[in-house]
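Here is run19.txt, consisting of compact mmCIF, N, CA and C atoms:
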```txt
# COMPACT_ATOMS: atom_id res chain seq x y z
N MET X 11 49.93 -20.85 37.36
CA MET X 11 48.60 -20.76 36.78
C MET X 11 48.43 -21.86 35.74
N ALA X 12 47.20 -22.29 35.59
CA ALA X 12 46.88 -23.38 34.67
C ALA X 12 47.07 -22.94 33.22
N ASN X 13 47.09 -23.91 32.34
CA ASN X 13 47.14 -23.67 30.91
C ASN X 13 45.98 -22.76 30.51
N HIS X 14 46.22 -21.82 29.58
CA HIS X 14 45.17 -20.90 29.15
C HIS X 14 43.93 -21.62 28.65
N ALA X 15 44.10 -22.78 28.04
CA ALA X 15 42.95 -23.52 27.53
C ALA X 15 42.05 -23.99 28.67
N ASP X 16 42.61 -24.13 29.86
CA ASP X 16 41.83 -24.58 31.02
C ASP X 16 41.23 -23.41 31.81
N THR X 17 41.57 -22.19 31.45
CA THR X 17 41.10 -21.02 32.19
C THR X 17 39.61 -20.82 31.97
N THR X 18 38.90 -20.52 33.06
CA THR X 18 37.47 -20.26 32.95
C THR X 18 37.21 -18.77 33.16
N ILE X 19 36.17 -18.28 32.54
CA ILE X 19 35.75 -16.88 32.68
C ILE X 19 34.33 -16.90 33.19
N THR X 20 34.07 -16.13 34.24
CA THR X 20 32.74 -16.06 34.84
C THR X 20 32.21 -14.64 34.70
N LEU X 21 31.01 -14.51 34.19
CA LEU X 21 30.34 -13.21 34.11
C LEU X 21 29.46 -13.06 35.34
N THR X 22 29.57 -11.93 36.03
CA THR X 22 28.74 -11.68 37.20
C THR X 22 28.45 -10.20 37.34
N ASP X 23 27.34 -9.88 37.95
CA ASP X 23 27.06 -8.48 38.27
C ASP X 23 27.24 -8.22 39.76
N ALA X 24 27.79 -9.21 40.47
CA ALA X 24 27.99 -9.07 41.91
C ALA X 24 29.28 -9.75 42.36
N PRO X 25 30.44 -9.21 41.93
CA PRO X 25 31.69 -9.82 42.38
C PRO X 25 31.87 -9.63 43.89
N GLU X 26 32.49 -10.61 44.52
CA GLU X 26 32.79 -10.53 45.95
C GLU X 26 33.90 -9.49 46.16
N ASP X 27 33.97 -8.94 47.36
CA ASP X 27 34.99 -7.93 47.66
C ASP X 27 36.40 -8.46 47.41
N ASP X 28 36.66 -9.72 47.78
CA ASP X 28 38.01 -10.27 47.58
C ASP X 28 38.30 -10.49 46.10
N GLU X 29 37.27 -10.76 45.30
CA GLU X 29 37.46 -10.91 43.86
C GLU X 29 37.77 -9.56 43.22
N ARG X 30 37.05 -8.52 43.62
CA ARG X 30 37.34 -7.16 43.14
C ARG X 30 38.77 -6.75 43.53
N ALA X 31 39.16 -7.11 44.75
CA ALA X 31 40.47 -6.72 45.27
C ALA X 31 41.60 -7.31 44.42
N VAL X 32 41.43 -8.53 43.91
CA VAL X 32 42.46 -9.14 43.05
C VAL X 32 42.73 -8.24 41.85
N ILE X 33 41.66 -7.75 41.24
CA ILE X 33 41.79 -6.92 40.04
C ILE X 33 42.32 -5.53 40.41
N MET X 34 41.72 -4.91 41.41
CA MET X 34 42.13 -3.56 41.83
C MET X 34 43.59 -3.55 42.30
N ASP X 35 43.93 -4.48 43.17
CA ASP X 35 45.29 -4.51 43.72
C ASP X 35 46.31 -4.89 42.65
N GLY X 36 45.94 -5.82 41.77
CA GLY X 36 46.85 -6.22 40.70
C GLY X 36 47.14 -5.08 39.75
N LEU X 37 46.10 -4.35 39.36
CA LEU X 37 46.29 -3.21 38.46
C LEU X 37 47.08 -2.10 39.15
N ARG X 38 46.77 -1.84 40.41
CA ARG X 38 47.50 -0.80 41.15
C ARG X 38 48.98 -1.15 41.24
N ALA X 39 49.30 -2.40 41.55
CA ALA X 39 50.70 -2.82 41.65
C ALA X 39 51.41 -2.68 40.31
N TYR X 40 50.74 -3.07 39.23
CA TYR X 40 51.32 -2.94 37.89
C TYR X 40 51.57 -1.48 37.56
N ASN X 41 50.55 -0.63 37.78
CA ASN X 41 50.69 0.80 37.51
C ASN X 41 51.82 1.43 38.31
N ASP X 42 51.89 1.08 39.59
CA ASP X 42 52.94 1.63 40.44
C ASP X 42 54.33 1.19 39.95
N ALA X 43 54.44 -0.04 39.48
CA ALA X 43 55.72 -0.54 38.96
C ALA X 43 56.12 0.20 37.69
N GLN X 44 55.13 0.55 36.87
CA GLN X 44 55.41 1.23 35.61
C GLN X 44 55.65 2.73 35.78
N ALA X 45 54.85 3.36 36.64
CA ALA X 45 54.88 4.82 36.75
C ALA X 45 55.51 5.32 38.04
N GLY X 46 55.90 4.43 38.92
CA GLY X 46 56.40 4.84 40.22
C GLY X 46 55.23 4.90 41.19
N VAL X 47 55.49 4.61 42.43
CA VAL X 47 54.42 4.59 43.43
C VAL X 47 53.79 5.97 43.50
N SER X 48 52.49 6.00 43.47
CA SER X 48 51.76 7.26 43.48
C SER X 48 50.79 7.27 44.64
N SER X 49 50.88 8.31 45.44
CA SER X 49 49.91 8.41 46.52
C SER X 49 48.57 8.80 45.90
N GLY X 50 47.56 8.34 46.47
CA GLY X 50 46.22 8.65 45.98
C GLY X 50 45.22 8.02 46.90
N GLY X 51 44.00 8.10 46.51
CA GLY X 51 42.97 7.47 47.31
C GLY X 51 41.66 8.19 47.15
N PRO X 52 40.67 7.74 47.89
CA PRO X 52 39.34 8.31 47.79
C PRO X 52 39.30 9.77 48.25
N LEU X 53 38.30 10.46 47.77
CA LEU X 53 38.06 11.85 48.13
C LEU X 53 36.55 12.03 48.22
N ALA X 54 36.07 12.65 49.28
CA ALA X 54 34.63 12.89 49.42
C ALA X 54 34.41 14.25 50.06
N LEU X 55 33.46 14.98 49.51
CA LEU X 55 33.00 16.24 50.10
C LEU X 55 31.52 16.03 50.38
N LEU X 56 31.15 16.00 51.65
CA LEU X 56 29.80 15.65 52.06
C LEU X 56 29.04 16.88 52.50
N VAL X 57 27.84 17.05 51.97
CA VAL X 57 26.97 18.15 52.36
C VAL X 57 25.95 17.60 53.34
N ARG X 58 25.90 18.20 54.53
CA ARG X 58 25.01 17.71 55.59
C ARG X 58 23.88 18.69 55.88
N ASP X 59 22.72 18.15 56.19
CA ASP X 59 21.60 18.97 56.65
C ASP X 59 22.00 19.59 57.99
N PRO X 60 21.84 20.90 58.15
CA PRO X 60 22.28 21.55 59.39
C PRO X 60 21.54 21.07 60.63
N GLU X 61 20.31 20.60 60.47
CA GLU X 61 19.54 20.15 61.64
C GLU X 61 19.76 18.68 61.96
N THR X 62 19.63 17.82 60.93
CA THR X 62 19.72 16.38 61.18
C THR X 62 21.15 15.86 61.11
N LYS X 63 22.04 16.63 60.50
CA LYS X 63 23.45 16.24 60.27
C LYS X 63 23.58 15.08 59.30
N LYS X 64 22.49 14.68 58.65
CA LYS X 64 22.54 13.60 57.65
C LYS X 64 23.07 14.13 56.34
N VAL X 65 23.80 13.29 55.63
CA VAL X 65 24.33 13.66 54.32
C VAL X 65 23.17 13.77 53.34
N VAL X 66 23.12 14.90 52.62
CA VAL X 66 22.05 15.12 51.65
C VAL X 66 22.58 15.23 50.23
N GLY X 67 23.90 15.26 50.08
CA GLY X 67 24.52 15.37 48.77
C GLY X 67 26.02 15.49 48.91
N GLY X 68 26.68 15.73 47.77
CA GLY X 68 28.13 15.92 47.81
C GLY X 68 28.82 15.37 46.59
N LEU X 69 30.11 15.22 46.73
CA LEU X 69 30.97 14.80 45.62
C LEU X 69 31.83 13.62 46.08
N LEU X 70 31.90 12.61 45.23
CA LEU X 70 32.77 11.44 45.46
C LEU X 70 33.77 11.37 44.31
N GLY X 71 35.00 11.09 44.65
CA GLY X 71 36.02 10.97 43.62
C GLY X 71 37.23 10.27 44.16
N ARG X 72 38.32 10.40 43.41
CA ARG X 72 39.58 9.80 43.84
C ARG X 72 40.72 10.49 43.14
N THR X 73 41.89 10.34 43.71
CA THR X 73 43.10 10.83 43.07
C THR X 73 44.04 9.65 42.91
N TYR X 74 44.76 9.64 41.78
CA TYR X 74 45.70 8.56 41.51
C TYR X 74 46.55 8.94 40.32
N LEU X 75 47.84 8.74 40.43
CA LEU X 75 48.79 9.01 39.36
C LEU X 75 48.62 10.41 38.77
N GLY X 76 48.44 11.40 39.65
CA GLY X 76 48.37 12.79 39.21
C GLY X 76 47.05 13.21 38.60
N LEU X 77 46.02 12.37 38.75
CA LEU X 77 44.73 12.65 38.14
C LEU X 77 43.63 12.66 39.21
N LEU X 78 42.86 13.75 39.24
CA LEU X 78 41.67 13.82 40.08
C LEU X 78 40.50 13.34 39.23
N THR X 79 39.79 12.32 39.68
CA THR X 79 38.62 11.83 38.97
C THR X 79 37.38 12.12 39.81
N VAL X 80 36.47 12.91 39.26
CA VAL X 80 35.18 13.14 39.90
C VAL X 80 34.27 12.02 39.44
N GLU X 81 33.89 11.15 40.38
CA GLU X 81 33.09 9.98 40.03
C GLU X 81 31.59 10.24 40.14
N ARG X 82 31.17 10.93 41.17
CA ARG X 82 29.76 11.23 41.40
C ARG X 82 29.65 12.61 42.04
N PHE X 83 28.66 13.40 41.62
CA PHE X 83 28.44 14.73 42.20
C PHE X 83 26.94 14.98 42.18
N PHE X 84 26.33 15.08 43.36
CA PHE X 84 24.89 15.27 43.45
C PHE X 84 24.54 16.30 44.51
N LEU X 85 23.67 17.21 44.14
CA LEU X 85 23.04 18.12 45.09
C LEU X 85 21.54 18.11 44.83
N PRO X 86 20.73 18.05 45.89
CA PRO X 86 19.29 18.15 45.69
C PRO X 86 18.94 19.50 45.07
N GLU X 87 17.83 19.55 44.37
CA GLU X 87 17.41 20.76 43.67
C GLU X 87 17.46 22.00 44.57
N ASP X 88 16.99 21.87 45.81
CA ASP X 88 16.90 23.05 46.68
C ASP X 88 18.27 23.55 47.16
N LEU X 89 19.34 22.81 46.88
CA LEU X 89 20.69 23.26 47.26
C LEU X 89 21.50 23.71 46.04
N ARG X 90 20.87 23.73 44.87
CA ARG X 90 21.59 24.14 43.66
C ARG X 90 21.47 25.65 43.46
N ARG X 91 21.98 26.37 44.45
CA ARG X 91 22.00 27.83 44.39
C ARG X 91 23.11 28.34 45.30
N ASP X 92 23.29 29.62 45.33
CA ASP X 92 24.29 30.25 46.20
C ASP X 92 25.70 29.70 45.97
N ARG X 93 25.96 29.23 44.74
CA ARG X 93 27.30 28.76 44.36
C ARG X 93 27.81 27.58 45.20
N LEU X 94 26.91 26.86 45.85
CA LEU X 94 27.33 25.71 46.67
C LEU X 94 28.06 24.68 45.80
N GLY X 95 27.50 24.36 44.64
CA GLY X 95 28.15 23.39 43.74
C GLY X 95 29.52 23.86 43.31
N SER X 96 29.64 25.14 43.00
CA SER X 96 30.94 25.71 42.59
C SER X 96 31.95 25.60 43.72
N ARG X 97 31.50 25.87 44.94
CA ARG X 97 32.41 25.77 46.10
C ARG X 97 32.87 24.33 46.31
N ILE X 98 31.96 23.39 46.20
CA ILE X 98 32.32 21.98 46.39
C ILE X 98 33.32 21.54 45.33
N LEU X 99 33.05 21.87 44.06
CA LEU X 99 33.95 21.48 42.98
C LEU X 99 35.32 22.13 43.17
N ALA X 100 35.35 23.40 43.56
CA ALA X 100 36.62 24.09 43.80
C ALA X 100 37.39 23.43 44.94
N MET X 101 36.69 22.98 45.97
CA MET X 101 37.34 22.29 47.09
C MET X 101 37.95 20.97 46.62
N ALA X 102 37.23 20.24 45.76
CA ALA X 102 37.76 18.98 45.23
C ALA X 102 39.00 19.25 44.39
N GLU X 103 38.94 20.27 43.54
CA GLU X 103 40.10 20.62 42.71
C GLU X 103 41.29 21.02 43.58
N GLU X 104 41.04 21.78 44.63
CA GLU X 104 42.11 22.21 45.53
C GLU X 104 42.75 21.01 46.23
N GLU X 105 41.93 20.07 46.67
CA GLU X 105 42.47 18.86 47.30
C GLU X 105 43.26 18.05 46.28
N GLY X 106 42.77 17.99 45.04
CA GLY X 106 43.53 17.31 43.99
C GLY X 106 44.90 17.94 43.82
N ARG X 107 44.95 19.27 43.77
CA ARG X 107 46.24 19.97 43.65
C ARG X 107 47.13 19.64 44.84
N ARG X 108 46.54 19.66 46.04
CA ARG X 108 47.31 19.37 47.25
C ARG X 108 47.92 17.96 47.17
N ARG X 109 47.22 17.04 46.52
CA ARG X 109 47.70 15.67 46.37
C ARG X 109 48.61 15.51 45.15
N GLY X 110 48.93 16.61 44.49
CA GLY X 110 49.86 16.56 43.36
C GLY X 110 49.23 16.34 42.01
N CYS X 111 47.90 16.45 41.91
CA CYS X 111 47.24 16.25 40.62
C CYS X 111 47.43 17.47 39.72
N THR X 112 47.63 17.20 38.44
CA THR X 112 47.79 18.27 37.46
C THR X 112 46.64 18.31 36.46
N ARG X 113 45.71 17.36 36.56
CA ARG X 113 44.58 17.30 35.64
C ARG X 113 43.42 16.65 36.38
N ALA X 114 42.20 17.03 35.98
CA ALA X 114 40.99 16.44 36.54
C ALA X 114 40.10 15.95 35.39
N VAL X 115 39.34 14.90 35.63
CA VAL X 115 38.43 14.34 34.63
C VAL X 115 37.10 13.98 35.27
N LEU X 116 36.06 13.96 34.43
CA LEU X 116 34.74 13.51 34.85
C LEU X 116 33.92 13.20 33.62
N SER X 117 32.78 12.54 33.81
CA SER X 117 31.83 12.39 32.72
C SER X 117 30.48 12.85 33.23
N THR X 118 29.69 13.41 32.33
CA THR X 118 28.37 13.91 32.67
C THR X 118 27.46 13.75 31.45
N LEU X 119 26.19 13.54 31.69
CA LEU X 119 25.23 13.44 30.60
C LEU X 119 24.69 14.81 30.26
N HIS X 120 24.16 14.94 29.04
CA HIS X 120 23.71 16.25 28.57
C HIS X 120 22.64 16.87 29.46
N PHE X 121 21.83 16.05 30.13
CA PHE X 121 20.77 16.59 30.98
C PHE X 121 21.24 16.81 32.42
N GLN X 122 22.50 16.49 32.69
CA GLN X 122 23.03 16.70 34.03
C GLN X 122 23.65 18.09 34.12
N ALA X 123 24.96 18.21 33.91
CA ALA X 123 25.57 19.50 34.23
C ALA X 123 26.73 19.93 33.34
N PRO X 124 26.73 19.62 32.03
CA PRO X 124 27.89 20.08 31.26
C PRO X 124 28.06 21.60 31.28
N GLY X 125 26.98 22.34 31.26
CA GLY X 125 27.07 23.81 31.30
C GLY X 125 27.69 24.31 32.59
N PHE X 126 27.33 23.67 33.71
CA PHE X 126 27.91 24.02 35.01
C PHE X 126 29.42 23.84 34.98
N TYR X 127 29.88 22.69 34.49
CA TYR X 127 31.33 22.43 34.46
C TYR X 127 32.06 23.39 33.52
N LEU X 128 31.46 23.71 32.38
CA LEU X 128 32.08 24.66 31.46
C LEU X 128 32.29 26.00 32.15
N LYS X 129 31.31 26.45 32.95
CA LYS X 129 31.42 27.71 33.68
C LYS X 129 32.54 27.66 34.72
N GLN X 130 32.90 26.46 35.16
CA GLN X 130 33.96 26.30 36.17
C GLN X 130 35.33 26.10 35.53
N GLY X 131 35.41 26.28 34.20
CA GLY X 131 36.70 26.18 33.52
C GLY X 131 37.04 24.81 32.97
N TRP X 132 36.09 23.89 32.98
CA TRP X 132 36.31 22.56 32.42
C TRP X 132 36.12 22.62 30.90
N GLU X 133 36.74 21.68 30.19
CA GLU X 133 36.63 21.59 28.74
C GLU X 133 36.08 20.23 28.35
N VAL X 134 35.37 20.18 27.22
CA VAL X 134 34.88 18.91 26.69
C VAL X 134 36.04 18.22 25.98
N ALA X 135 36.40 17.03 26.44
CA ALA X 135 37.46 16.25 25.80
C ALA X 135 36.87 15.31 24.76
N ALA X 136 35.64 14.84 25.01
CA ALA X 136 34.96 13.95 24.06
C ALA X 136 33.46 14.06 24.29
N ARG X 137 32.75 13.87 23.21
CA ARG X 137 31.28 13.89 23.25
C ARG X 137 30.84 12.60 22.57
N ILE X 138 30.07 11.78 23.27
CA ILE X 138 29.68 10.48 22.73
C ILE X 138 28.18 10.32 22.81
N ASP X 139 27.54 10.06 21.66
CA ASP X 139 26.11 9.78 21.66
C ASP X 139 25.90 8.43 22.32
N CYS X 140 24.86 8.35 23.15
CA CYS X 140 24.62 7.10 23.87
C CYS X 140 23.13 6.80 23.90
N GLU X 141 22.77 5.72 24.54
CA GLU X 141 21.37 5.28 24.62
C GLU X 141 20.68 5.97 25.78
N PRO X 142 19.39 6.19 25.74
CA PRO X 142 18.57 6.02 24.55
C PRO X 142 18.89 7.09 23.51
N PRO X 143 18.46 6.89 22.26
CA PRO X 143 18.78 7.85 21.20
C PRO X 143 18.45 9.28 21.63
N GLY X 144 19.33 10.19 21.26
CA GLY X 144 19.15 11.58 21.63
C GLY X 144 19.91 11.99 22.88
N HIS X 145 20.52 11.03 23.56
CA HIS X 145 21.29 11.33 24.77
C HIS X 145 22.77 11.40 24.43
N THR X 146 23.47 12.28 25.12
CA THR X 146 24.90 12.48 24.88
C THR X 146 25.65 12.48 26.20
N ARG X 147 26.78 11.80 26.22
CA ARG X 147 27.69 11.81 27.38
C ARG X 147 28.88 12.68 27.02
N PHE X 148 29.25 13.54 27.96
CA PHE X 148 30.42 14.40 27.80
C PHE X 148 31.51 13.93 28.73
N TYR X 149 32.70 13.73 28.19
CA TYR X 149 33.88 13.47 29.00
C TYR X 149 34.62 14.80 29.07
N MET X 150 34.85 15.27 30.29
CA MET X 150 35.39 16.61 30.47
C MET X 150 36.68 16.56 31.27
N THR X 151 37.50 17.58 31.09
CA THR X 151 38.79 17.65 31.75
C THR X 151 39.10 19.09 32.13
N LYS X 152 39.97 19.23 33.10
CA LYS X 152 40.45 20.55 33.50
C LYS X 152 41.90 20.42 33.94
N LYS X 153 42.71 21.34 33.46
CA LYS X 153 44.12 21.39 33.88
C LYS X 153 44.15 22.04 35.26
N LEU X 154 44.84 21.42 36.19
CA LEU X 154 44.99 21.96 37.52
C LEU X 154 46.39 22.55 37.66
N ASP X 155 46.47 23.82 37.96
CA ASP X 155 47.77 24.46 38.15
C ASP X 155 48.43 23.91 39.40
N ARG X 156 49.74 23.75 39.33
CA ARG X 156 50.48 23.26 40.49
C ARG X 156 50.44 24.28 41.62
N LEU X 157 50.38 23.78 42.84
CA LEU X 157 50.46 24.66 44.00
C LEU X 157 51.88 25.17 44.14
N PRO X 158 52.05 26.42 44.58
CA PRO X 158 53.41 26.93 44.81
C PRO X 158 54.09 26.13 45.91
N LEU X 159 55.39 25.90 45.76
CA LEU X 159 56.14 25.13 46.76
C LEU X 159 56.47 25.96 47.96
```

Would you mind writing the file's structure down as structure tokens?
Amino acid sequence: MANHADTTITLTDAPEDDERAVIMDGLRAYNDAQAGVSSGGPLALLVRDPETKKVVGGLLGRTYLGLLTVERFFLPEDLRRDRLGSRILAMAEEEGRRRGCTRAVLSTLHFQAPGFYLKQGWEVAARIDCEPPGHTRFYMTKKLDRLPL
């Protein structure tokens, strides 16, 4: 690699896939070297319309180094009943346990679903005021019990 004084830094909001891969793969290799190779990967629970079979909502996340991260969770208003959200979250937690995760994390805004997560046994790890004024982001966590061997 060139001298640090010759290094250039580029700001972009649209990195190429191969550019993202350098960072993702480099960090993953470093983490695996430090913590031991950890199986993990993406996780998705997709809710489909029974007639069209099109995805109408669901949960996106990942598992890595013993941590289940819920990245996105959306259900349309008309599906936010009959404990569907609770079932989806429980399925994600169960898959996290199956993959060896002992803790789960997520972030949610005050107008999204902190109350829902609290009812599911999640705890607030941090509360951060954010923009615009009056808005709050909650970082939440839940301990996942190990599955019996």

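Between atom CA of His145 of chain X and atom C of Val66 of chain X the interatomic distance comes to 25.8 Å.
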
So that all listed atoms of segment 63-74 of chain X fit with 8 Å spare on each side, what axis-aligned box centre and edge lengths in Å, to one decimal, would you give as JSON?
```
{"center_x": 34.3, "center_y": 12.6, "center_z": 50.4, "size_x": 40.5, "size_y": 24.1, "size_z": 36.2}
```

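For the residues X:Leu56, X:Thr112, X:Arg72, X:Gly106, ranking by smallest atom-to-atom distance to Phe84 of chain X using only C-alpha atoms places X:Leu56 first.
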
* Asked: What residues in chain X get the DSSP label strand (DSSP E)? Please answer as number ranges by chain.
  -> X: 51-58, 65-74, 77-84, 113-119, 133-140, 145-153

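With all atoms listed in the file as the atoms that count, the minimum distance from Thr118 of chain X to the choices X:Arg156, X:Thr146, X:Pro25, X:Tyr40 is reached by X:Thr146.
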
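We find atom CA of Lys152 of chain X and atom C of Glu133 of chain X to be spaced 6.8 Å apart.
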
* Quick one: everything within 9 Å of segment 87-97 of chain X, counting only C-alpha atoms, minus sequence neighbours fewer than 5 positions away in the same chain. Send it as JSON, numbers by chain. => {"X": [67, 68, 102, 126, 127, 130]}

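Taking atom CA of Thr79 of chain X as the reference point, atom CA of Ala45 of chain X is found at 17.8 Å.
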
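Neighbouring residues of Leu77 of chain X at 6.5 Å or closer, counting all atoms listed in the file and skipping chain neighbours under 6 positions away, are Gly110, Cys111, Thr112, Arg113, Ala114 and Val115 of chain X.
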
* To do: Can you work out which one of X:Pro60, X:Asp139, X:Arg147, X:Leu53 has the shortest atom-to-atom distance to Met101 of chain X, counting only C-alpha atoms?
  => X:Leu53

* Could you give me, as an MDAnalysis selection string, the residues within 5 Å of Val80 of chain X, counting all atoms listed in the file and dropping anything in the same chain fewer than 5 positions from it? => chainID X and resid 70:71 115:116

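Comparing the minimum interatomic distances between Glu103 of chain X and each of X:Leu119, X:Leu154, X:Leu69, X:Ile138, counting only C-alpha atoms, we find that X:Leu154 sits nearest.
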